file final-v5.csv (CSV, N, CA and C atoms)
chain,number,residue,atom,x,y,z
A,1059,MET,N,18.5,12.1,8.4
A,1059,MET,CA,17.8,11.6,9.6
A,1059,MET,C,16.8,10.6,9.3
A,1060,SER,N,16.6,10.3,8.0
A,1060,SER,CA,15.6,9.3,7.6
A,1060,SER,C,16.3,7.9,7.7
A,1061,GLU,N,15.6,7.1,8.4
A,1061,GLU,CA,16.2,5.7,8.6
A,1061,GLU,C,15.5,4.8,7.7
A,1062,PRO,N,16.2,3.7,7.2
A,1062,PRO,CA,15.6,2.8,6.3
A,1062,PRO,C,14.5,1.9,6.9
A,1063,ASP,N,14.6,1.7,8.2
A,1063,ASP,CA,13.6,0.9,8.9
A,1063,ASP,C,12.6,1.8,9.4
A,1064,ARG,N,11.3,1.5,9.2
A,1064,ARG,CA,10.2,2.3,9.6
A,1064,ARG,C,9.7,1.9,11.0
A,1065,PRO,N,9.1,2.8,11.7
A,1065,PRO,CA,8.6,2.5,13.1
A,1065,PRO,C,7.6,1.4,13.0
A,1066,SER,N,7.5,0.6,14.1
A,1066,SER,CA,6.5,-0.5,14.1
A,1066,SER,C,5.2,0.1,14.5
A,1067,THR,N,5.2,1.3,15.2
A,1067,THR,CA,3.9,2.0,15.4
A,1067,THR,C,4.0,3.3,14.8
A,1068,PRO,N,3.2,3.6,13.8
A,1068,PRO,CA,3.4,4.9,13.0
A,1068,PRO,C,3.1,6.1,13.9
A,1069,ALA,N,3.8,7.1,13.7
A,1069,ALA,CA,3.6,8.3,14.4
A,1069,ALA,C,2.5,9.1,13.8
A,1070,GLY,N,1.9,9.9,14.6
A,1070,GLY,CA,0.9,10.8,14.1
A,1070,GLY,C,-0.4,10.2,13.7
A,1071,GLY,N,-1.4,10.9,13.7
A,1071,GLY,CA,-2.7,10.4,13.3
A,1071,GLY,C,-2.8,10.5,11.8
A,1072,GLY,N,-4.0,10.4,11.3
A,1072,GLY,CA,-4.2,10.6,9.9
A,1072,GLY,C,-5.1,11.7,9.7
A,1073,PRO,N,-5.7,11.8,8.6
A,1073,PRO,CA,-6.6,12.9,8.3
A,1073,PRO,C,-7.9,12.8,9.0
A,1074,ALA,N,-8.3,13.9,9.5
A,1074,ALA,CA,-9.6,13.9,10.2
A,1074,ALA,C,-10.8,14.1,9.3
A,1075,SER,N,-10.4,14.7,8.1
A,1075,SER,CA,-11.5,15.1,7.2
A,1075,SER,C,-11.6,14.2,6.0
A,1076,GLY,N,-10.8,13.2,5.8
A,1076,GLY,CA,-10.9,12.4,4.6
A,1076,GLY,C,-9.9,12.7,3.6
A,1077,GLY,N,-10.0,12.2,2.4
A,1077,GLY,CA,-9.0,12.3,1.3
A,1077,GLY,C,-8.9,13.7,0.8
A,1078,SER,N,-7.9,13.9,0.0
A,1078,SER,CA,-7.7,15.3,-0.6
A,1078,SER,C,-8.8,15.6,-1.6
A,1079,SER,N,-9.4,14.6,-2.2
A,1079,SER,CA,-10.4,14.9,-3.1
A,1079,SER,C,-11.8,14.8,-2.5
A,1080,GLY,N,-11.8,14.4,-1.2
A,1080,GLY,CA,-13.1,14.3,-0.5
A,1080,GLY,C,-13.9,13.1,-0.9
A,1081,GLN,N,-13.2,12.1,-1.6
A,1081,GLN,CA,-13.9,11.0,-2.0
A,1081,GLN,C,-13.8,9.9,-1.0
A,1082,ALA,N,-14.9,9.1,-0.8
A,1082,ALA,CA,-14.9,8.0,0.0
A,1082,ALA,C,-14.5,6.8,-0.9
A,1083,PRO,N,-13.9,5.8,-0.3
A,1083,PRO,CA,-13.5,4.6,-1.1
A,1083,PRO,C,-14.8,4.1,-1.8
A,1084,SER,N,-14.7,3.9,-3.1
A,1084,SER,CA,-15.8,3.4,-3.8
A,1084,SER,C,-15.6,2.2,-4.7
A,1085,ALA,N,-14.3,2.0,-5.1
A,1085,ALA,CA,-14.1,0.9,-6.0
A,1085,ALA,C,-14.3,-0.4,-5.3
A,1086,GLY,N,-15.1,-1.3,-5.9
A,1086,GLY,CA,-15.4,-2.6,-5.4
A,1086,GLY,C,-16.4,-2.6,-4.2
A,1087,SER,N,-17.0,-1.5,-3.9
A,1087,SER,CA,-17.9,-1.4,-2.7
A,1087,SER,C,-19.2,-2.2,-3.0
A,1088,GLY,N,-19.5,-2.5,-4.2
A,1088,GLY,CA,-20.7,-3.2,-4.6
A,1088,GLY,C,-20.6,-4.7,-4.4
A,1089,GLN,N,-19.4,-5.2,-4.2
A,1089,GLN,CA,-19.3,-6.7,-4.1
A,1089,GLN,C,-18.4,-7.0,-2.9
A,1090,ALA,N,-18.7,-8.2,-2.3
A,1090,ALA,CA,-17.9,-8.7,-1.3
A,1090,ALA,C,-16.6,-9.2,-1.8
A,1091,PRO,N,-15.5,-9.0,-1.1
A,1091,PRO,CA,-14.2,-9.5,-1.6
A,1091,PRO,C,-14.0,-11.0,-1.5
A,1092,SER,N,-14.6,-11.7,-2.5
A,1092,SER,CA,-14.4,-13.1,-2.4
A,1092,SER,C,-13.9,-13.6,-3.8
A,1093,ALA,N,-12.9,-14.5,-3.7
A,1093,ALA,CA,-12.3,-15.0,-5.0
A,1093,ALA,C,-12.9,-16.4,-5.2
A,1094,GLY,N,-13.5,-16.6,-6.4
A,1094,GLY,CA,-13.9,-17.9,-6.8
A,1094,GLY,C,-15.0,-18.5,-5.9
A,1095,SER,N,-14.7,-19.5,-5.2
A,1095,SER,CA,-15.6,-20.2,-4.4
A,1095,SER,C,-15.9,-19.6,-3.0
A,1096,GLY,N,-15.1,-18.6,-2.6
A,1096,GLY,CA,-15.3,-17.9,-1.4
A,1096,GLY,C,-14.9,-18.7,-0.2
A,1097,GLN,N,-14.0,-19.7,-0.4
A,1097,GLN,CA,-13.6,-20.5,0.8
A,1097,GLN,C,-12.6,-19.7,1.6
A,1098,ALA,N,-11.9,-20.4,2.4
A,1098,ALA,CA,-11.0,-19.9,3.4
A,1098,ALA,C,-9.9,-18.9,2.9
A,1099,HIS,N,-9.6,-18.9,1.6
A,1099,HIS,CA,-8.6,-18.1,1.0
A,1099,HIS,C,-8.9,-16.6,1.3
A,1100,SER,N,-10.1,-16.2,1.3
A,1100,SER,CA,-10.5,-14.7,1.5
A,1100,SER,C,-10.1,-14.3,2.9
A,1101,THR,N,-9.9,-15.2,3.9
A,1101,THR,CA,-9.5,-14.7,5.2
A,1101,THR,C,-8.1,-15.0,5.6
A,1102,VAL,N,-7.3,-15.4,4.6
A,1102,VAL,CA,-5.9,-15.6,4.8
A,1102,VAL,C,-5.2,-14.3,5.0
A,1103,GLU,N,-4.4,-14.2,6.1
A,1103,GLU,CA,-3.7,-13.0,6.4
A,1103,GLU,C,-2.4,-12.9,5.7
A,1104,ALA,N,-1.9,-11.8,5.3
A,1104,ALA,CA,-0.7,-11.6,4.6
A,1104,ALA,C,-0.2,-10.2,4.9
A,1105,SER,N,1.1,-9.9,4.4
A,1105,SER,CA,1.6,-8.6,4.5
A,1105,SER,C,2.0,-8.1,3.1
A,1106,LEU,N,2.0,-6.8,2.9
A,1106,LEU,CA,2.2,-6.2,1.6
A,1106,LEU,C,3.1,-5.0,1.8
A,1107,ARG,N,4.2,-5.0,1.0
A,1107,ARG,CA,5.1,-3.8,1.0
A,1107,ARG,C,5.1,-3.3,-0.4
A,1108,VAL,N,4.8,-2.0,-0.6
A,1108,VAL,CA,4.8,-1.4,-1.9
A,1108,VAL,C,5.5,0.0,-1.8
A,1109,VAL,N,6.4,0.1,-2.8
A,1109,VAL,CA,7.0,1.5,-3.0
A,1109,VAL,C,6.4,2.0,-4.3
A,1110,VAL,N,5.7,3.1,-4.2
A,1110,VAL,CA,5.0,3.7,-5.3
A,1110,VAL,C,5.8,4.9,-5.8
A,1111,ARG,N,6.1,4.9,-7.1
A,1111,ARG,CA,7.0,5.9,-7.7
A,1111,ARG,C,6.2,6.7,-8.6
A,1112,GLY,N,6.5,8.0,-8.7
A,1112,GLY,CA,5.8,9.0,-9.6
A,1112,GLY,C,5.6,10.3,-8.9
A,1113,ARG,N,4.6,11.0,-9.3
A,1113,ARG,CA,4.2,12.2,-8.6
A,1113,ARG,C,3.2,11.8,-7.5
A,1114,VAL,N,3.8,11.4,-6.3
A,1114,VAL,CA,3.0,10.9,-5.2
A,1114,VAL,C,3.3,11.7,-3.9
A,1115,GLN,N,4.1,12.7,-4.0
A,1115,GLN,CA,4.3,13.5,-2.8
A,1115,GLN,C,3.8,14.9,-3.1
A,1116,GLY,N,3.1,15.5,-2.1
A,1116,GLY,CA,2.5,16.8,-2.3
A,1116,GLY,C,1.2,16.8,-3.0
A,1117,VAL,N,0.6,15.6,-3.2
A,1117,VAL,CA,-0.7,15.6,-3.9
A,1117,VAL,C,-1.8,14.8,-3.1
A,1118,GLY,N,-1.5,14.6,-1.8
A,1118,GLY,CA,-2.5,14.0,-0.9
A,1118,GLY,C,-2.5,12.5,-1.0
A,1119,TYR,N,-1.4,11.9,-1.5
A,1119,TYR,CA,-1.3,10.4,-1.7
A,1119,TYR,C,-1.3,9.7,-0.4
A,1120,ARG,N,-0.6,10.2,0.6
A,1120,ARG,CA,-0.6,9.5,1.9
A,1120,ARG,C,-2.0,9.5,2.5
A,1121,ASP,N,-2.7,10.6,2.5
A,1121,ASP,CA,-4.0,10.7,3.0
A,1121,ASP,C,-5.0,9.8,2.2
A,1122,PHE,N,-4.8,9.7,0.9
A,1122,PHE,CA,-5.6,8.8,0.1
A,1122,PHE,C,-5.4,7.3,0.5
A,1123,VAL,N,-4.1,6.9,0.7
A,1123,VAL,CA,-3.8,5.6,1.2
A,1123,VAL,C,-4.4,5.3,2.6
A,1124,TYR,N,-4.2,6.3,3.5
A,1124,TYR,CA,-4.6,6.1,4.9
A,1124,TYR,C,-6.1,5.9,4.9
A,1125,THR,N,-6.9,6.7,4.2
A,1125,THR,CA,-8.4,6.6,4.2
A,1125,THR,C,-8.8,5.2,3.7
A,1126,ARG,N,-8.2,4.7,2.6
A,1126,ARG,CA,-8.6,3.4,2.1
A,1126,ARG,C,-8.2,2.3,2.9
A,1127,ALA,N,-7.0,2.3,3.4
A,1127,ALA,CA,-6.5,1.2,4.3
A,1127,ALA,C,-7.3,1.1,5.5
A,1128,ARG,N,-7.7,2.2,6.1
A,1128,ARG,CA,-8.6,2.2,7.3
A,1128,ARG,C,-9.9,1.6,7.0
A,1129,PHE,N,-10.5,2.0,5.8
A,1129,PHE,CA,-11.7,1.5,5.3
A,1129,PHE,C,-11.7,0.0,5.2
A,1130,LEU,N,-10.6,-0.5,4.7
A,1130,LEU,CA,-10.4,-1.9,4.4
A,1130,LEU,C,-10.0,-2.7,5.7
A,1131,GLY,N,-9.8,-2.0,6.8
A,1131,GLY,CA,-9.5,-2.7,8.1
A,1131,GLY,C,-8.1,-3.2,8.1
A,1132,LEU,N,-7.1,-2.6,7.4
A,1132,LEU,CA,-5.8,-3.0,7.4
A,1132,LEU,C,-4.9,-2.3,8.5
A,1133,ARG,N,-3.8,-2.9,8.8
A,1133,ARG,CA,-2.8,-2.4,9.7
A,1133,ARG,C,-1.5,-2.1,9.1
A,1134,GLY,N,-0.8,-1.1,9.5
A,1134,GLY,CA,0.5,-0.8,8.9
A,1134,GLY,C,0.7,0.7,8.9
A,1135,TYR,N,1.4,1.2,7.8
A,1135,TYR,CA,1.6,2.6,7.7
A,1135,TYR,C,1.9,3.0,6.2
A,1136,VAL,N,1.9,4.3,6.0
A,1136,VAL,CA,2.3,4.9,4.7
A,1136,VAL,C,3.2,6.0,5.1
A,1137,CYS,N,4.3,6.2,4.3
A,1137,CYS,CA,5.2,7.3,4.5
A,1137,CYS,C,5.9,7.8,3.2
A,1138,ASN,N,6.2,9.1,3.2
A,1138,ASN,CA,7.0,9.6,2.1
A,1138,ASN,C,8.4,9.1,2.2
A,1139,LEU,N,9.1,8.8,1.1
A,1139,LEU,CA,10.5,8.4,1.2
A,1139,LEU,C,11.4,9.7,0.9
A,1140,ALA,N,12.6,9.6,1.3
A,1140,ALA,CA,13.5,10.8,1.2
A,1140,ALA,C,13.9,11.2,-0.2
A,1141,ASP,N,13.6,10.3,-1.2
A,1141,ASP,CA,13.9,10.7,-2.6
A,1141,ASP,C,13.0,11.7,-3.2
A,1142,MET,N,12.0,12.1,-2.5
A,1142,MET,CA,11.0,13.1,-2.9
A,1142,MET,C,10.1,12.7,-4.1
A,1143,CYS,N,10.1,11.4,-4.5
A,1143,CYS,CA,9.3,11.0,-5.6
A,1143,CYS,C,8.7,9.6,-5.4
A,1144,SER,N,8.7,9.1,-4.1
A,1144,SER,CA,8.1,7.8,-3.9
A,1144,SER,C,7.5,7.8,-2.5
A,1145,VAL,N,6.6,6.8,-2.3
A,1145,VAL,CA,5.9,6.6,-1.0
A,1145,VAL,C,6.0,5.1,-0.7
A,1146,GLU,N,6.2,4.8,0.5
A,1146,GLU,CA,6.3,3.4,1.0
A,1146,GLU,C,5.0,3.1,1.7
A,1147,VAL,N,4.4,1.9,1.4
A,1147,VAL,CA,3.2,1.5,2.0
A,1147,VAL,C,3.5,0.1,2.6
A,1148,VAL,N,3.3,-0.1,3.9
A,1148,VAL,CA,3.4,-1.4,4.5
A,1148,VAL,C,2.0,-1.7,5.1
A,1149,ALA,N,1.4,-2.8,4.7
A,1149,ALA,CA,0.1,-3.2,5.2
A,1149,ALA,C,0.0,-4.6,5.5
A,1150,GLU,N,-0.8,-5.0,6.5
A,1150,GLU,CA,-1.1,-6.3,6.9
A,1150,GLU,C,-2.6,-6.5,7.1
A,1151,GLY,N,-3.1,-7.7,6.7
A,1151,GLY,CA,-4.5,-7.9,6.9
A,1151,GLY,C,-4.9,-9.1,6.0
A,1152,GLU,N,-6.2,-9.2,5.7
A,1152,GLU,CA,-6.8,-10.2,4.8
A,1152,GLU,C,-6.2,-10.0,3.4
A,1153,ARG,N,-5.9,-11.1,2.8
A,1153,ARG,CA,-5.3,-11.0,1.4
A,1153,ARG,C,-6.2,-10.2,0.4
A,1154,ALA,N,-7.5,-10.5,0.5
A,1154,ALA,CA,-8.4,-9.9,-0.4
A,1154,ALA,C,-8.4,-8.3,-0.2
A,1155,SER,N,-8.3,-7.9,1.0
A,1155,SER,CA,-8.3,-6.5,1.3
A,1155,SER,C,-7.0,-5.8,0.8
A,1156,LEU,N,-5.9,-6.6,1.0
A,1156,LEU,CA,-4.6,-6.1,0.5
A,1156,LEU,C,-4.6,-6.0,-1.0
A,1157,GLU,N,-5.2,-6.9,-1.7
A,1157,GLU,CA,-5.3,-6.8,-3.2
A,1157,GLU,C,-6.2,-5.6,-3.6
A,1158,GLN,N,-7.2,-5.3,-2.8
A,1158,GLN,CA,-8.0,-4.1,-3.1
A,1158,GLN,C,-7.2,-2.9,-2.9
A,1159,LEU,N,-6.4,-2.8,-1.8
A,1159,LEU,CA,-5.6,-1.7,-1.5
A,1159,LEU,C,-4.6,-1.5,-2.7
A,1160,LEU,N,-4.0,-2.6,-3.2
A,1160,LEU,CA,-3.1,-2.5,-4.3
A,1160,LEU,C,-3.8,-1.9,-5.5
A,1161,ASP,N,-5.0,-2.2,-5.8
A,1161,ASP,CA,-5.8,-1.5,-6.9
A,1161,ASP,C,-5.9,0.0,-6.6
A,1162,TYR,N,-6.2,0.4,-5.4
A,1162,TYR,CA,-6.2,1.8,-5.0
A,1162,TYR,C,-4.9,2.5,-5.2
A,1163,LEU,N,-3.8,1.8,-4.9
A,1163,LEU,CA,-2.5,2.4,-5.0
A,1163,LEU,C,-2.1,2.7,-6.5
A,1164,ARG,N,-2.6,1.8,-7.4
A,1164,ARG,CA,-2.3,2.0,-8.8
A,1164,ARG,C,-3.1,3.2,-9.3
A,1165,GLU,N,-4.3,3.4,-8.7
A,1165,GLU,CA,-5.2,4.5,-9.1
A,1165,GLU,C,-4.7,5.9,-8.6
A,1166,GLY,N,-4.4,6.0,-7.3
A,1166,GLY,CA,-4.0,7.2,-6.7
A,1166,GLY,C,-5.1,8.3,-6.7
A,1167,PRO,N,-4.8,9.4,-6.0
A,1167,PRO,CA,-5.8,10.5,-5.9
A,1167,PRO,C,-5.6,11.4,-7.2
A,1168,ARG,N,-6.6,12.3,-7.4
A,1168,ARG,CA,-6.5,13.3,-8.5
A,1168,ARG,C,-5.2,14.1,-8.2
A,1169,GLY,N,-4.4,14.3,-9.3
A,1169,GLY,CA,-3.2,15.1,-9.2
A,1169,GLY,C,-2.0,14.2,-9.1
A,1170,ALA,N,-2.2,12.9,-8.8
A,1170,ALA,CA,-1.0,12.0,-8.7
A,1170,ALA,C,-0.7,11.4,-10.1
A,1171,ARG,N,0.5,11.0,-10.3
A,1171,ARG,CA,0.9,10.2,-11.5
A,1171,ARG,C,1.7,9.0,-11.0
A,1172,ILE,N,1.2,7.9,-11.3
A,1172,ILE,CA,1.9,6.6,-10.8
A,1172,ILE,C,2.7,6.1,-12.0
A,1173,ASP,N,4.1,6.1,-11.7
A,1173,ASP,CA,5.0,5.7,-12.8
A,1173,ASP,C,5.3,4.2,-12.6
A,1174,GLY,N,5.2,3.7,-11.4
A,1174,GLY,CA,5.5,2.3,-11.1
A,1174,GLY,C,5.3,1.9,-9.7
A,1175,LEU,N,5.2,0.6,-9.4
A,1175,LEU,CA,5.0,0.1,-8.1
A,1175,LEU,C,6.0,-1.1,-7.9
A,1176,ASP,N,6.7,-1.1,-6.9
A,1176,ASP,CA,7.5,-2.3,-6.5
A,1176,ASP,C,6.8,-3.0,-5.4
A,1177,VAL,N,6.3,-4.2,-5.7
A,1177,VAL,CA,5.4,-4.9,-4.8
A,1177,VAL,C,6.1,-6.2,-4.2
A,1178,SER,N,6.0,-6.4,-2.9
A,1178,SER,CA,6.5,-7.6,-2.3
A,1178,SER,C,5.4,-8.1,-1.3
A,1179,TRP,N,5.2,-9.4,-1.3
A,1179,TRP,CA,4.2,-10.0,-0.4
A,1179,TRP,C,5.0,-10.8,0.6
A,1180,GLY,N,4.4,-11.0,1.8
A,1180,GLY,CA,5.0,-11.8,2.9
A,1180,GLY,C,4.0,-12.2,3.9
A,1181,GLU,N,4.6,-12.8,5.0
A,1181,GLU,CA,3.8,-13.2,6.1
A,1181,GLU,C,3.6,-12.0,7.1
A,1182,PRO,N,2.4,-11.8,7.7
A,1182,PRO,CA,2.2,-10.7,8.6
A,1182,PRO,C,3.1,-10.8,9.8
A,1183,SER,N,3.7,-9.7,10.3
A,1183,SER,CA,4.6,-9.6,11.4
A,1183,SER,C,3.8,-9.5,12.7
A,1184,GLY,N,2.6,-9.0,12.7
A,1184,GLY,CA,1.8,-8.7,13.9
A,1184,GLY,C,2.2,-7.5,14.7
A,1185,ARG,N,3.2,-6.7,14.1
A,1185,ARG,CA,3.7,-5.6,14.8
A,1185,ARG,C,2.7,-4.4,14.8
A,1186,HIS,N,1.8,-4.4,13.9
A,1186,HIS,CA,1.0,-3.2,13.7
A,1186,HIS,C,-0.4,-3.5,14.2
A,1187,THR,N,-1.0,-2.5,14.9
A,1187,THR,CA,-2.3,-2.7,15.5
A,1187,THR,C,-3.4,-1.9,14.8
A,1188,THR,N,-2.9,-0.9,14.0
A,1188,THR,CA,-3.8,0.0,13.3
A,1188,THR,C,-3.0,0.5,12.1
A,1189,PHE,N,-3.7,1.4,11.3
A,1189,PHE,CA,-3.0,1.9,10.1
A,1189,PHE,C,-2.8,3.4,10.4
A,1190,GLY,N,-1.6,3.9,10.0
A,1190,GLY,CA,-1.3,5.3,10.3
A,1190,GLY,C,-0.3,5.9,9.3
A,1191,VAL,N,0.0,7.2,9.4
A,1191,VAL,CA,0.9,7.9,8.6
A,1191,VAL,C,2.2,8.0,9.4
A,1192,ALA,N,3.3,7.5,8.9
A,1192,ALA,CA,4.6,7.7,9.5
A,1192,ALA,C,5.3,8.9,8.9
A,1193,TYR,N,6.1,9.5,9.8
A,1193,TYR,CA,6.8,10.7,9.3
A,1193,TYR,C,8.3,10.5,9.4
call {"tool": "encode", "arguments": {"input": "final-v5.csv", "output": "structure tokens"}}
result
Amino acid sequence: MSEPDRPSTPAGGGPASGGSSGQAPSAGSGQAPSAGSGQAHSTVEASLRVVVRGRVQGVGYRDFVYTRARFLGLRGYVCNLADMCSVEVVAEGERASLEQLLDYLREGPRGARIDGLDVSWGEPSGRHTTFGVAY
């Protein structure tokens, strides 16, 4: 029953109480996300699709991603894939925020083990208005 195409509007809400470890996003919170001269590049919109492989199901990984993506002001969704060992993340927003999310995805929550990430960048579709968890 799992379809390869994900919904444009994610189903369900997210966590009401925060991440599985209770941590607030902290990496990079001491600096503004600016690259080099801080010119217009920090506000360029992009889209990011990542398939994260490893021990990422049953360890609070979706909740971890949801919390950080919302904190960064991104739009899109996170969902478990049917193979039982990977998670798909689709996000749109400012390039600098997407790069920060990518750093978080490599880190994962306590209990997760990241074996690899398949990353692809593109133009934002504009289909997403918020970030959610798709089922």
call {"tool": "closest_residue", "arguments": {"input": "final-v5.csv", "among": "A:Arg1107, A:Arg1164, A:Arg1128, A:Arg1113", "to": "Gly1190 of chain A", "atoms": "all atoms listed in the file"}}
result
A:Arg1128
call {"tool": "closest_residue", "arguments": {"input": "final-v5.csv", "among": "A:Arg1111, A:Arg1120, A:Arg1126, A:Arg1133", "to": "Thr1188 of chain A", "atoms": "only N, CA and C atoms"}}
result
A:Arg1133
call {"tool": "atom_distance", "arguments": {"input": "final-v5.csv", "atom1": "atom C of Glu1150 of chain A", "atom2": "atom N of Ala1104 of chain A"}}
result
5.6 Å
call {"tool": "closest_residue", "arguments": {"input": "final-v5.csv", "among": "A:Asp1173, A:Thr1101, A:Asn1138, A:His1186", "to": "Ala1154 of chain A", "atoms": "all atoms listed in the file"}}
result
A:Thr1101
call {"tool": "closest_residue", "arguments": {"input": "final-v5.csv", "among": "A:Leu1175, A:Met1142, A:Val1136, A:Val1148", "to": "Asp1121 of chain A", "atoms": "all atoms listed in the file"}}
result
A:Val1136
call {"tool": "decode", "arguments": {"input": "final-v5.csv", "residues": "segment 1135-1185 of chain A", "atoms": "C-alpha atoms", "output": "compact mmCIF listing (two decimals), in the first residue's frame"}}
result
# COMPACT_ATOMS: atom_id res chain seq x y z
CA TYR A 1135 7.88 16.08 5.15
CA VAL A 1136 9.70 13.13 6.68
CA CYS A 1137 8.51 9.53 6.42
CA ASN A 1138 9.64 5.96 7.02
CA LEU A 1139 10.21 3.92 3.87
CA ALA A 1140 8.82 0.41 3.42
CA ASP A 1141 12.28 -1.24 3.53
CA MET A 1142 12.26 -0.81 7.35
CA CYS A 1143 15.78 0.66 7.40
CA SER A 1144 15.53 4.08 5.77
CA VAL A 1145 13.74 7.41 6.07
CA GLU A 1146 12.91 9.91 3.32
CA VAL A 1147 13.19 13.64 3.96
CA VAL A 1148 11.88 16.20 1.47
CA ALA A 1149 12.43 19.82 2.47
CA GLU A 1150 12.21 23.24 0.86
CA GLY A 1151 13.40 26.59 2.09
CA GLU A 1152 16.50 28.75 2.32
CA ARG A 1153 19.63 26.95 1.14
CA ALA A 1154 21.52 27.75 4.37
CA SER A 1155 18.72 26.22 6.46
CA LEU A 1156 18.66 23.13 4.25
CA GLU A 1157 22.40 22.72 4.71
CA GLN A 1158 21.92 22.95 8.49
CA LEU A 1159 19.18 20.30 8.28
CA LEU A 1160 21.57 18.08 6.32
CA ASP A 1161 24.08 18.37 9.18
CA TYR A 1162 21.34 17.33 11.63
CA LEU A 1163 20.40 14.36 9.40
CA ARG A 1164 24.00 13.12 9.52
CA GLU A 1165 23.95 13.37 13.33
CA GLY A 1166 20.55 11.81 14.12
CA PRO A 1167 19.09 11.27 17.58
CA ARG A 1168 20.57 9.11 20.31
CA GLY A 1169 20.03 5.48 19.40
CA ALA A 1170 20.21 6.05 15.65
CA ARG A 1171 23.02 4.79 13.45
CA ILE A 1172 23.50 6.57 10.13
CA ASP A 1173 25.01 4.28 7.50
CA GLY A 1174 24.59 6.63 4.55
CA LEU A 1175 22.66 9.46 2.94
CA ASP A 1176 21.50 9.77 -0.66
CA VAL A 1177 21.23 13.52 -1.24
CA SER A 1178 19.71 15.36 -4.19
CA TRP A 1179 19.19 19.11 -4.60
CA GLY A 1180 16.66 20.86 -6.80
CA GLU A 1181 14.35 23.80 -7.27
CA PRO A 1182 11.52 24.25 -4.75
CA SER A 1183 8.12 23.04 -5.99
CA GLY A 1184 6.08 25.31 -3.72
CA ARG A 1185 3.74 22.38 -2.93
